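J.: Structure file coords-v5.cif (mmCIF, C-alpha atoms) is given on the next line.
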data_upload
#
loop_
_atom_site.label_atom_id
_atom_site.label_comp_id
_atom_site.auth_asym_id
_atom_site.auth_seq_id
_atom_site.Cartn_x
_atom_site.Cartn_y
_atom_site.Cartn_z
CA MET E 294 2.62 -1.23 33.99
CA SER E 295 2.96 2.45 34.72
CA ASP E 296 0.38 4.94 33.51
CA ASP E 297 2.78 7.52 32.11
CA LEU E 298 3.08 5.51 28.91
CA GLY E 299 0.09 7.52 27.68
CA THR E 300 -0.62 6.90 24.01
CA TRP E 301 2.27 4.40 23.89
CA ARG E 302 0.28 1.83 25.86
CA PHE E 303 -0.11 -1.38 23.95
CA ARG E 304 -3.86 -1.51 24.67
CA THR E 305 -4.40 2.07 23.51
CA ILE E 306 -2.55 1.49 20.23
CA VAL E 307 -4.46 -1.70 19.45
CA ALA E 308 -7.83 -0.24 20.52
CA THR E 309 -7.28 2.78 18.25
CA MET E 310 -5.94 0.93 15.22
CA PHE E 311 -7.79 -2.36 15.11
CA PRO E 312 -11.29 -1.04 14.34
CA ILE E 313 -9.80 1.00 11.47
CA LEU E 314 -7.96 -2.08 10.19
CA ILE E 315 -11.16 -4.15 10.29
CA THR E 316 -13.05 -1.52 8.27
CA LEU E 317 -10.25 -1.23 5.72
CA SER E 318 -9.97 -5.00 5.32
CA VAL E 319 -13.70 -5.28 4.66
CA LEU E 320 -13.49 -2.48 2.05
CA GLU E 321 -10.40 -4.05 0.46
CA MET E 322 -12.39 -7.24 -0.01
CA GLY E 323 -14.35 -5.32 -2.66
CA SER E 324 -11.17 -4.96 -4.66
CA GLY E 325 -10.27 -8.59 -3.95
CA TYR E 326 -13.70 -9.62 -5.19
CA VAL E 327 -12.95 -8.01 -8.57
CA LEU E 328 -9.65 -9.90 -8.71
CA GLU E 329 -11.27 -13.20 -7.75
CA SER E 330 -14.12 -12.74 -10.27
CA LEU E 331 -11.57 -12.21 -13.04
CA GLU E 332 -9.41 -15.10 -11.84
CA SER E 333 -9.16 -16.75 -15.24
CA THR E 334 -8.21 -13.46 -16.98
CA TYR E 335 -5.43 -12.82 -14.47
CA LEU E 336 -4.14 -16.39 -14.25
CA ASP E 337 -4.12 -16.71 -18.07
CA ASN E 338 -2.29 -13.39 -18.47
CA PRO E 339 0.43 -13.43 -15.82
CA THR E 340 1.74 -10.13 -17.16
CA LEU E 341 -1.42 -8.51 -15.78
CA LEU E 342 -0.66 -9.97 -12.34
CA ILE E 343 2.74 -8.24 -12.45
CA LEU E 344 0.89 -4.89 -12.60
CA VAL E 345 -1.26 -5.62 -9.53
CA PRO E 346 1.01 -4.62 -6.59
CA VAL E 347 2.07 -1.35 -8.25
CA MET E 348 -1.57 -0.56 -9.08
CA ILE E 349 -2.52 -1.20 -5.44
CA GLY E 350 0.17 1.13 -4.07
CA MET E 351 0.98 3.82 -6.62
CA GLY E 352 -2.33 5.73 -6.67
CA GLY E 353 -1.98 6.12 -2.91
CA ASN E 354 1.62 7.31 -3.27
CA LEU E 355 0.61 10.00 -5.80
CA GLY E 356 -2.34 11.04 -3.65
CA ALA E 357 -0.10 11.25 -0.58
CA ILE E 358 2.37 13.58 -2.36
CA LEU E 359 -0.42 15.96 -3.42
CA SER E 360 -2.30 15.73 -0.11
CA SER E 361 0.73 16.57 2.00
CA ARG E 362 1.47 19.61 -0.22
CA LEU E 363 -2.14 20.79 0.04
CA SER E 364 -2.14 20.18 3.77
CA THR E 365 1.06 22.17 4.32
CA ARG E 366 -0.33 25.11 2.31
CA LEU E 367 -3.59 24.95 4.24
CA HIS E 368 -1.64 25.21 7.51
CA LEU E 369 0.36 28.13 6.11
CA GLY E 370 -2.86 29.81 4.99
CA THR E 371 -1.75 30.08 1.35
CA LEU E 372 -4.19 27.55 -0.12
CA GLU E 373 -7.20 28.87 -2.04
CA PHE E 374 -9.86 26.47 -3.14
CA SER E 375 -10.25 28.19 -6.47
CA PRO E 376 -9.64 27.16 -10.08
CA ARG E 377 -7.45 30.26 -10.29
CA ASP E 378 -5.03 28.98 -7.66
CA GLU E 379 -1.93 28.62 -9.83
CA GLN E 380 0.07 26.65 -7.29
CA LEU E 381 -2.69 24.08 -7.19
CA TRP E 382 -2.43 23.55 -10.94
CA THR E 383 1.35 23.41 -10.69
CA SER E 384 1.13 20.59 -8.15
CA ILE E 385 -1.48 18.76 -10.25
CA ALA E 386 0.70 19.08 -13.37
CA ALA E 387 3.64 17.60 -11.47
CA ILE E 388 1.51 14.69 -10.25
CA MET E 389 0.33 13.97 -13.80
CA LEU E 390 3.91 14.03 -15.12
CA LEU E 391 5.01 11.70 -12.35
CA ALA E 392 2.11 9.38 -13.21
CA VAL E 393 2.97 9.30 -16.93
CA THR E 394 6.60 8.48 -16.12
CA VAL E 395 5.88 5.80 -13.54
CA PHE E 396 3.09 4.02 -15.44
CA SER E 397 4.98 4.06 -18.76
CA ALA E 398 7.98 2.56 -16.97
CA LEU E 399 5.64 0.02 -15.37
CA GLY E 400 4.23 -1.04 -18.76
CA VAL E 401 7.64 -1.50 -20.34
CA ALA E 402 9.13 -3.23 -17.28
CA ALA E 403 6.14 -5.57 -16.92
CA TRP E 404 6.47 -6.48 -20.60
CA GLY E 405 10.17 -7.28 -20.14
CA LEU E 406 9.65 -9.17 -16.89
CA GLY E 407 6.58 -10.91 -18.33
CA ARG E 408 8.86 -12.79 -20.69
CA LEU E 409 10.40 -14.48 -17.66
CA VAL E 410 7.12 -16.01 -16.51
CA ALA E 411 5.06 -16.56 -19.64
CA GLU E 412 4.26 -15.55 -23.21
CA PRO E 413 4.12 -11.78 -22.82
CA MET E 414 1.18 -9.71 -24.00
CA ALA E 415 1.75 -7.31 -26.88
CA LEU E 416 3.75 -4.30 -25.64
CA ALA E 417 1.17 -1.91 -27.11
CA ASP E 418 -1.71 -3.58 -25.21
CA LEU E 419 0.25 -3.60 -22.01
CA LEU E 420 1.21 0.07 -22.33
CA VAL E 421 -2.39 1.06 -23.05
CA ILE E 422 -3.54 -0.90 -19.98
CA SER E 423 -0.78 0.37 -17.70
CA VAL E 424 -0.78 4.04 -18.75
CA GLY E 425 -4.56 4.13 -19.27
CA SER E 426 -5.45 2.76 -15.85
CA GLY E 427 -2.55 4.65 -14.25
CA MET E 428 -3.74 8.03 -15.54
CA LEU E 429 -7.33 7.30 -14.52
CA LEU E 430 -6.02 6.41 -11.07
CA ALA E 431 -3.96 9.63 -10.95
CA ILE E 432 -7.09 11.66 -11.80
CA PHE E 433 -8.97 9.90 -8.98
CA ALA E 434 -6.03 10.60 -6.64
CA VAL E 435 -6.05 14.32 -7.52
CA VAL E 436 -9.82 14.71 -7.16
CA LEU E 437 -9.82 12.77 -3.89
CA SER E 438 -6.90 14.75 -2.43
CA VAL E 439 -8.49 18.10 -3.22
CA ALA E 440 -11.93 16.98 -2.02
CA ALA E 441 -10.59 15.41 1.20
CA THR E 442 -8.49 18.48 2.02
CA TYR E 443 -11.51 20.72 1.39
CA VAL E 444 -13.81 18.61 3.57
CA SER E 445 -11.34 18.43 6.47
CA TYR E 446 -10.80 22.21 6.17
CA GLN E 447 -14.56 22.84 6.32
CA GLN E 448 -15.00 20.46 9.24
CA GLY E 449 -12.10 22.04 11.10
CA LEU E 450 -10.09 18.79 11.10
CA ASP E 451 -6.33 18.65 10.72
CA PRO E 452 -5.81 17.38 7.14
CA ASP E 453 -2.50 15.77 8.21
CA ASP E 454 -4.48 13.23 10.24
CA THR E 455 -7.39 12.78 7.84
CA THR E 456 -6.64 13.30 4.15
CA ILE E 457 -3.53 11.16 3.68
CA PRO E 458 -4.98 7.96 5.22
CA VAL E 459 -8.32 8.43 3.44
CA VAL E 460 -6.77 9.20 0.05
CA THR E 461 -4.16 6.42 0.28
CA ASN E 462 -6.66 3.75 1.22
CA VAL E 463 -9.35 4.75 -1.27
CA CYS E 464 -6.73 4.78 -4.05
CA ASP E 465 -5.46 1.36 -2.92
CA ILE E 466 -8.99 0.00 -3.26
CA LEU E 467 -9.62 1.70 -6.61
CA GLY E 468 -6.30 0.52 -8.10
CA VAL E 469 -7.33 -3.07 -8.84
CA VAL E 470 -10.84 -2.02 -9.86
CA VAL E 471 -9.55 0.52 -12.40
CA LEU E 472 -6.88 -1.87 -13.69
CA SER E 473 -9.45 -4.63 -14.17
CA ALA E 474 -11.94 -2.38 -15.94
CA VAL E 475 -9.31 -1.05 -18.36
CA ALA E 476 -7.84 -4.53 -18.96
CA ILE E 477 -11.24 -5.95 -19.84
CA ALA E 478 -11.92 -3.05 -22.20
CA VAL E 479 -8.57 -3.58 -23.97
CA LEU E 480 -8.41 -7.39 -24.11
CA MET Z 53 8.28 30.05 -16.75
CA ASP Z 54 8.19 30.05 -12.94
CA ALA Z 55 5.33 27.56 -12.93
CA ARG Z 56 7.27 25.24 -15.20
CA ARG Z 57 10.31 25.38 -12.92
CA GLU Z 58 8.09 24.64 -9.92
CA VAL Z 59 6.56 21.59 -11.68
CA TRP Z 60 10.05 20.18 -12.29
CA ARG Z 61 11.08 20.86 -8.70
CA ILE Z 62 8.16 18.82 -7.35
CA TYR Z 63 8.85 16.16 -10.00
CA ARG Z 64 12.52 15.81 -9.05
CA GLU Z 65 11.67 15.70 -5.33
CA SER Z 66 9.33 12.76 -5.75
CA ILE Z 67 10.46 10.67 -8.71
CA GLY Z 68 13.24 8.85 -6.82
CA ILE Z 69 10.92 7.71 -4.04
CA LEU Z 70 8.25 6.61 -6.52
CA GLY Z 71 10.95 4.73 -8.47
CA VAL Z 72 11.92 2.78 -5.36
CA SER Z 73 8.31 1.90 -4.71
CA LEU Z 74 7.89 0.93 -8.40
CA LEU Z 75 10.84 -1.48 -8.16
CA GLY Z 76 9.42 -3.10 -5.03
CA GLY Z 77 6.01 -3.44 -6.68
CA LEU Z 78 7.49 -4.94 -9.84
CA PHE Z 79 9.41 -7.52 -7.83
CA ALA Z 80 6.22 -8.39 -5.95
CA GLY Z 81 4.34 -8.59 -9.26
CA LEU Z 82 6.95 -10.91 -10.72
CA VAL Z 83 6.48 -13.26 -7.76
CA LEU Z 84 2.67 -13.08 -8.19
CA GLY Z 85 2.95 -13.86 -11.91
CA SER Z 86 5.32 -16.83 -11.40
CA ASP Z 87 4.11 -20.36 -12.22
CA ALA Z 88 4.45 -21.44 -8.60
CA MET Z 89 2.34 -18.59 -7.26
CA ARG Z 90 -0.33 -19.01 -9.94
CA ALA Z 91 -0.53 -22.69 -9.05
CA GLY Z 92 -1.03 -21.58 -5.44
CA PHE Z 93 -3.89 -19.26 -6.43
CA ALA Z 94 -5.51 -22.13 -8.33
CA ASP Z 95 -5.01 -24.62 -5.45
CA PHE Z 96 -6.36 -22.32 -2.73
CA PRO Z 97 -9.44 -20.44 -3.97
CA GLY Z 98 -9.83 -17.34 -1.81
CA LEU Z 99 -6.19 -16.25 -1.99
CA LEU Z 100 -6.83 -13.79 -4.83
CA LEU Z 101 -9.80 -12.43 -2.89
CA LEU Z 102 -7.65 -11.67 0.15
CA LEU Z 103 -4.55 -10.45 -1.74
CA PRO Z 104 -5.41 -6.70 -1.98
CA ALA Z 105 -6.45 -6.54 1.68
CA PHE Z 106 -3.31 -8.42 2.72
CA LEU Z 107 -0.99 -6.09 0.78
CA ALA Z 108 -2.81 -2.86 1.63
CA THR Z 109 -3.09 -3.41 5.39
CA ARG Z 110 0.72 -3.81 5.64
CA GLY Z 111 1.05 -0.11 4.79
CA ASN Z 112 -1.42 0.92 7.48
CA VAL Z 113 -0.02 -1.16 10.33
CA TYR Z 114 3.69 -0.60 9.74
CA GLY Z 115 3.33 2.94 8.38
CA ALA Z 116 1.67 3.88 11.67
CA PHE Z 117 4.41 2.05 13.62
CA GLY Z 118 7.18 3.81 11.67
CA ALA Z 119 5.52 7.21 12.10
CA ARG Z 120 5.16 6.59 15.85
CA ILE Z 121 8.82 5.62 16.26
CA SER Z 122 9.91 8.62 14.23
CA SER Z 123 7.80 11.07 16.26
CA GLY Z 124 8.99 9.38 19.46
CA LEU Z 125 12.62 10.02 18.49
CA HIS Z 126 11.90 13.66 17.57
CA GLN Z 127 10.10 14.20 20.90
CA GLY Z 128 12.86 12.47 22.88
CA LEU Z 129 10.40 9.86 24.18
CA ILE Z 130 12.55 6.96 23.01
CA ASP Z 131 16.24 6.51 22.23
CA PRO Z 132 17.51 5.13 18.94
CA GLU Z 133 18.91 2.02 20.62
CA PHE Z 134 17.96 -1.64 20.74
CA GLU Z 135 17.54 -2.01 24.49
CA PHE Z 136 14.60 -2.59 26.79
CA ASP Z 137 12.33 0.41 26.82
CA GLU Z 138 8.74 0.19 27.98
CA ARG Z 139 7.40 2.49 25.27
CA LEU Z 140 9.28 0.74 22.49
CA VAL Z 141 8.19 -2.71 23.70
CA ASN Z 142 4.56 -1.58 23.86
CA ALA Z 143 4.71 -0.17 20.33
CA VAL Z 144 6.39 -3.32 18.96
CA VAL Z 145 3.93 -5.69 20.66
CA ALA Z 146 0.97 -3.59 19.46
CA SER Z 147 2.23 -3.77 15.87
CA PHE Z 148 2.58 -7.54 16.11
CA VAL Z 149 -0.95 -7.86 17.49
CA ASN Z 150 -2.39 -5.50 14.85
CA GLY Z 151 -0.44 -7.01 11.95
CA ILE Z 152 -1.01 -10.67 12.81
CA GLY Z 153 -4.57 -10.07 14.04
CA VAL Z 154 -5.65 -8.37 10.83
CA SER Z 155 -3.96 -11.07 8.72
CA VAL Z 156 -5.96 -13.80 10.45
CA LEU Z 157 -9.13 -11.71 10.10
CA ILE Z 158 -8.51 -11.37 6.35
CA GLY Z 159 -8.23 -15.16 6.01
CA PHE Z 160 -11.58 -15.55 7.84
CA LEU Z 161 -13.25 -12.83 5.75
CA SER Z 162 -12.14 -14.37 2.47
CA TRP Z 163 -13.45 -17.81 3.46
CA GLY Z 164 -16.71 -16.33 4.82
CA ILE Z 165 -17.40 -14.25 1.70
CA LEU Z 166 -16.88 -17.21 -0.65
CA ARG Z 167 -19.08 -19.38 1.58
CA ALA Z 168 -21.83 -16.78 1.68
CA LEU Z 169 -21.73 -16.52 -2.12
CA GLU Z 170 -21.72 -20.32 -2.37
CA ARG Z 171 -18.51 -20.20 -4.38
CA GLU Z 172 -15.66 -22.67 -4.21
CA SER Z 173 -13.20 -21.89 -1.43
CA ALA Z 174 -10.17 -23.46 0.20
CA ARG Z 175 -10.73 -24.83 3.71
CA LEU Z 176 -10.88 -22.24 6.52
CA VAL Z 177 -7.82 -23.77 8.21
CA GLU Z 178 -5.86 -23.46 4.96
CA LEU Z 179 -6.70 -19.80 4.29
CA VAL Z 180 -6.23 -18.72 7.91
CA GLY Z 181 -3.07 -20.84 8.16
CA ILE Z 182 -1.61 -19.07 5.13
CA THR Z 183 -2.49 -15.54 6.27
CA PHE Z 184 -1.31 -16.30 9.82
CA ILE Z 185 2.11 -17.61 8.73
CA ALA Z 186 2.55 -14.80 6.19
CA GLY Z 187 1.40 -12.25 8.79
CA VAL Z 188 3.88 -13.45 11.44
CA LEU Z 189 6.82 -13.46 9.03
CA THR Z 190 6.05 -10.02 7.52
CA SER Z 191 5.56 -8.56 11.02
CA ILE Z 192 8.97 -9.74 12.17
CA VAL Z 193 10.80 -8.42 9.10
CA LEU Z 194 8.90 -5.12 8.88
CA VAL Z 195 9.02 -4.23 12.58
CA PHE Z 196 12.72 -4.95 13.00
CA GLY Z 197 13.61 -3.73 9.51
CA LEU Z 198 11.85 -0.42 10.17
CA LEU Z 199 13.55 0.00 13.56
CA VAL Z 200 16.98 -0.50 11.97
CA LEU Z 201 16.17 1.94 9.13
CA VAL Z 202 14.50 4.60 11.28
CA PHE Z 203 17.16 4.49 14.03
CA GLY Z 204 19.93 4.44 11.42
CA SER Z 205 18.60 7.38 9.41
CA TYR Z 206 17.87 9.37 12.60
CA GLU Z 207 21.40 8.84 13.91
CA SER Z 208 22.99 9.81 10.61
CA GLY Z 209 20.99 13.04 10.57
CA TYR Z 210 18.21 12.25 8.07
CA ASP Z 211 14.60 12.95 8.92
CA PRO Z 212 13.01 9.48 8.92
CA ASP Z 213 9.57 11.05 8.28
CA ASN Z 214 10.34 11.44 4.59
CA LEU Z 215 11.44 7.83 4.18
CA ILE Z 216 8.84 5.85 6.10
CA GLY Z 217 5.93 5.93 3.62
CA PRO Z 218 7.76 4.66 0.54
CA ILE Z 219 9.97 2.26 2.51
CA VAL Z 220 6.95 0.66 4.16
CA THR Z 221 5.22 0.28 0.78
CA MET Z 222 8.34 -1.24 -0.77
CA LEU Z 223 9.19 -3.64 2.08
CA GLY Z 224 5.51 -4.52 2.51
CA ASP Z 225 5.10 -5.43 -1.17
CA VAL Z 226 8.33 -7.42 -1.42
CA PHE Z 227 8.10 -9.35 1.85
CA GLY Z 228 4.30 -9.56 1.73
CA VAL Z 229 4.22 -11.66 -1.45
CA VAL Z 230 7.40 -13.60 -0.71
CA PHE Z 231 6.06 -14.70 2.69
CA LEU Z 232 2.63 -15.34 1.19
CA TYR Z 233 4.37 -17.77 -1.14
CA VAL Z 234 6.35 -19.35 1.72
CA ALA Z 235 3.09 -19.73 3.67
CA ILE Z 236 1.37 -21.40 0.68
CA VAL Z 237 4.21 -23.92 0.45
CA VAL Z 238 4.19 -24.61 4.20
CA VAL Z 239 0.41 -25.03 4.33
CA GLY Z 240 0.47 -27.18 1.19
CA VAL Z 241 3.00 -29.53 2.82
CA VAL Z 242 1.60 -29.57 6.37
CA LEU Z 243 -2.18 -29.59 5.83
#
Just give me the structure as structure tokens.
T.:
Amino acid sequence: MSDDLGTWRFRTIVATMFPILITLSVLEMGSGYVLESLESTYLDNPTLLILVPVMIGMGGNLGAILSSRLSTRLHLGTLEFSPRDEQLWTSIAAIMLLAVTVFSALGVAAWGLGRLVAEPMALADLLVISVGSGMLLAIFAVVLSVAATYVSYQQGLDPDDTTIPVVTNVCDILGVVVLSAVAIAVL
Amino acid sequence: MDARREVWRIYRESIGILGVSLLGGLFAGLVLGSDAMRAGFADFPGLLLLLPAFLATRGNVYGAFGARISSGLHQGLIDPEFEFDERLVNAVVASFVNGIGVSVLIGFLSWGILRALERESARLVELVGITFIAGVLTSIVLVFGLLVLVFGSYESGYDPDNLIGPIVTMLGDVFGVVFLYVAIVVVGVVL
């Protein structure tokens, strides 16, 4: 094997990634533990299980959209960490609108699809669970994105390398936890 | 008024991609909620415990692979062609090792945690068997699927960077649960 492969060497890629993957898997087990502890709730209400993959991924998607906008503005030098930064509020408003749309659609779609697999839950309950946990998750995603961008800016790190992975993974972990908490409160 | 226009611009830019990822997630959810899958969760205690880790690590392994291939194309380090290339082979093999390795680890972790808590768990060989089979199958589809998509979009003039995140989430959700189900059936029959 030649040495000019640089960072494309198989060993380098695995040595860089695998420790991160181990850490993430261990953290994700926390979210799995919530799922496993509520096994009977989820298995008795299959409609709730339909929400799980979207809840795992969507918070991270929303956080990634905001983080990459913040990161770009930080690089351009136009980002101010101030409550008066209008562009910041514009981005946050867009994220919240996206969240309302996606999680309402999720509630309605899960209700429709739920009929295929079991007695569906009441549409109102499902919408409250889906939109309620979705909006909570979106708030977490916003706070995390702003905080992570601020920390990497203060530490002199490139937010492109730090904020998006951190925000996406933390939101992935929180997704199931938030969904479970809201579902228990509603049911 | 300007702020309102800007909000809608960001909204329009992102809603399509989120919609695609929503559809993938809903399909995955439908598979999870099916009678067959619920029976699998009941038969193999520990599967629900490992599910979030299994789904979430797909995004990390194959998102990193997709980003690497995309940067490699932009930098001219690799060519968008399916032929032997030392860099490409190294990146593909590393993704297989990372993806399958972490899947097996997740099976171990799930078994170990339930054991430590003195809770009921499926046998180690069953949980690791399931995550191994599901890990191998998702790796094959995601690695080659991503190469086709990234090469294809690069050659037709799109910037693959904008597509990788949502495509990985979507493919990872859909194939992740489908192959998890296949693995449950295989392990149920064989072991």
J.: Apply the PyMOL selection byres ((chain E and resi 361) around 10) to the structure shown and report the selected residues as a list in words.
T.: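 For this structure, the PyMOL selection byres ((chain E and resi 361) around 10) resolves to Gly356, Ala357, Ile358, Leu359, Ser360, Arg362, Leu363, Ser364, Thr365, Arg366, Leu367, Ser438, Thr442, Pro452, Asp453, Thr456 and Ile457 of chain E.
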J.: What are the closest atom pairs, with distances in Å to one decimal, for each residue of chain Z lying within 6 Å of chain E, using only C-alpha atoms, rows by chain and rising residue number, as CSV?
T.:
residue,atom,partner,partner_atom,distance
Z:Val59,CA,E:Ala387,CA,4.9
Z:Tyr63,CA,E:Ala387,CA,5.6
Z:Gly77,CA,E:Val347,CA,4.7
Z:Gly81,CA,E:Ile343,CA,3.6
Z:Leu82,CA,E:Ile343,CA,5.3
Z:Gly85,CA,E:Pro339,CA,4.7
Z:Ser86,CA,E:Val410,CA,5.5
Z:Leu100,CA,E:Glu329,CA,5.3
Z:Leu101,CA,E:Gly325,CA,4.0
Z:Leu102,CA,E:Gly325,CA,5.8
Z:Pro104,CA,E:Gly325,CA,5.6
Z:Ala105,CA,E:Glu321,CA,4.8
Z:Arg139,CA,E:Trp301,CA,5.6
Z:Asn142,CA,E:Phe303,CA,4.7
Z:Ala146,CA,E:Phe303,CA,5.1
J.: Which distance in Å separates CA of Ser473 in chain E and CA of Phe93 in chain Z, to one decimal?
T.: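 Interatomic distance, CA of Ser473 in chain E to CA of Phe93 in chain Z: 17.5 Å.
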J.: Under the PyMOL selection byres ((chain Z and resi 188-199) around 7), which residues of this model are included? Write them out as a PyMOL selection string.
T.: chain Z and resi 114+118+144+148+151-152+184-187+200-203+223+227-228+231
J.: Mind checking which residues fall within 7 Å of range 414-423 of chain E, counting all atoms listed in the file, ignoring those fewer than 5 positions away in the same chain, and posting them as a tab-separated table (two decimals) with C-alpha atoms, in the frame of the given file?
T.:
chain	number	residue	atom	x	y	z
E	340	THR	CA	1.74	-10.13	-17.16
E	396	PHE	CA	3.09	4.02	-15.44
E	397	SER	CA	4.98	4.06	-18.76
E	399	LEU	CA	5.64	0.02	-15.37
E	400	GLY	CA	4.23	-1.04	-18.76
E	401	VAL	CA	7.64	-1.50	-20.34
E	404	TRP	CA	6.47	-6.48	-20.60
E	475	VAL	CA	-9.31	-1.05	-18.36
E	476	ALA	CA	-7.84	-4.53	-18.96
E	479	VAL	CA	-8.57	-3.58	-23.97
J.: When you draw a straight line from CA of Val241 in chain Z to CA of Arg90 in chain Z, how long is it in Å?
T.: 16.9 Å
J.: From the set E:Asp454, E:Asp378, E:Arg408, E:Val463, which residue has the shortest atom-to-atom contact distance to Ala116 in chain Z, counting all atoms listed in the file?
T.: E:Asp454
J.: Written as a JSON list (two decimals) with C-alpha atoms, keeping the file's coordinate frame, which residues does the PyMOL selection byres ((chain Z and resi 96) around 10) give for the file shown?
T.:
[["chain", "number", "residue", "atom", "x", "y", "z"],
["Z", 90, "ARG", "CA", -0.33, -19.01, -9.94],
["Z", 91, "ALA", "CA", -0.53, -22.69, -9.05],
["Z", 92, "GLY", "CA", -1.03, -21.58, -5.44],
["Z", 93, "PHE", "CA", -3.89, -19.26, -6.43],
["Z", 94, "ALA", "CA", -5.51, -22.13, -8.33],
["Z", 95, "ASP", "CA", -5.01, -24.62, -5.45],
["Z", 97, "PRO", "CA", -9.44, -20.44, -3.97],
["Z", 98, "GLY", "CA", -9.83, -17.34, -1.81],
["Z", 99, "LEU", "CA", -6.19, -16.25, -1.99],
["Z", 100, "LEU", "CA", -6.83, -13.79, -4.83],
["Z", 172, "GLU", "CA", -15.66, -22.67, -4.21],
["Z", 173, "SER", "CA", -13.20, -21.89, -1.43],
["Z", 174, "ALA", "CA", -10.17, -23.46, 0.20],
["Z", 175, "ARG", "CA", -10.73, -24.83, 3.71],
["Z", 178, "GLU", "CA", -5.86, -23.46, 4.96],
["Z", 179, "LEU", "CA", -6.70, -19.80, 4.29],
["Z", 182, "ILE", "CA", -1.61, -19.07, 5.13],
["Z", 236, "ILE", "CA", 1.37, -21.40, 0.68],
["Z", 240, "GLY", "CA", 0.47, -27.18, 1.19]]
J.: CA of Leu480 in chain E and CA of Pro413 in chain E, how far apart in Å?
T.: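 Taking CA of Pro413 in chain E as the start and CA of Leu480 in chain E as the end point, the length is 13.3 Å.
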J.: Using all atoms listed in the file, can you tell me which of E:Ser426, E:Gln447, E:Thr316, E:Ser375 comes closest to Val154 in chain Z?
T.: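 For Val154 in chain Z, the nearest of the candidates is E:Thr316.
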J.: Of the residues Z:Leu243, Z:Val234, Z:Ile130, Z:Met222, which is the one nearest to Gly71 in chain Z, using all atoms listed in the file?
T.: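 Result for the nearest residue to Gly71 in chain Z: Z:Met222.
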J.: May I ask which of the residues E:Cys464, E:Gly405, E:Val424, E:Thr455 is the closest one to Leu78 in chain Z, counting all atoms listed in the file?
T.: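 When distances to Leu78 in chain Z are compared using all atoms listed in the file, the smallest one comes from E:Gly405.
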J.: Taking every listed atom of range 325-338 of chain E and adding 4 Å to each side, what centre and edge lengths in Å (one decimal) does the axis-aligned box have, as AutoDock Vina command-line options?
T.:
--center_x -8.2 --center_y -12.4 --center_z -11.2 --size_x 19.8 --size_y 16.7 --size_z 22.5
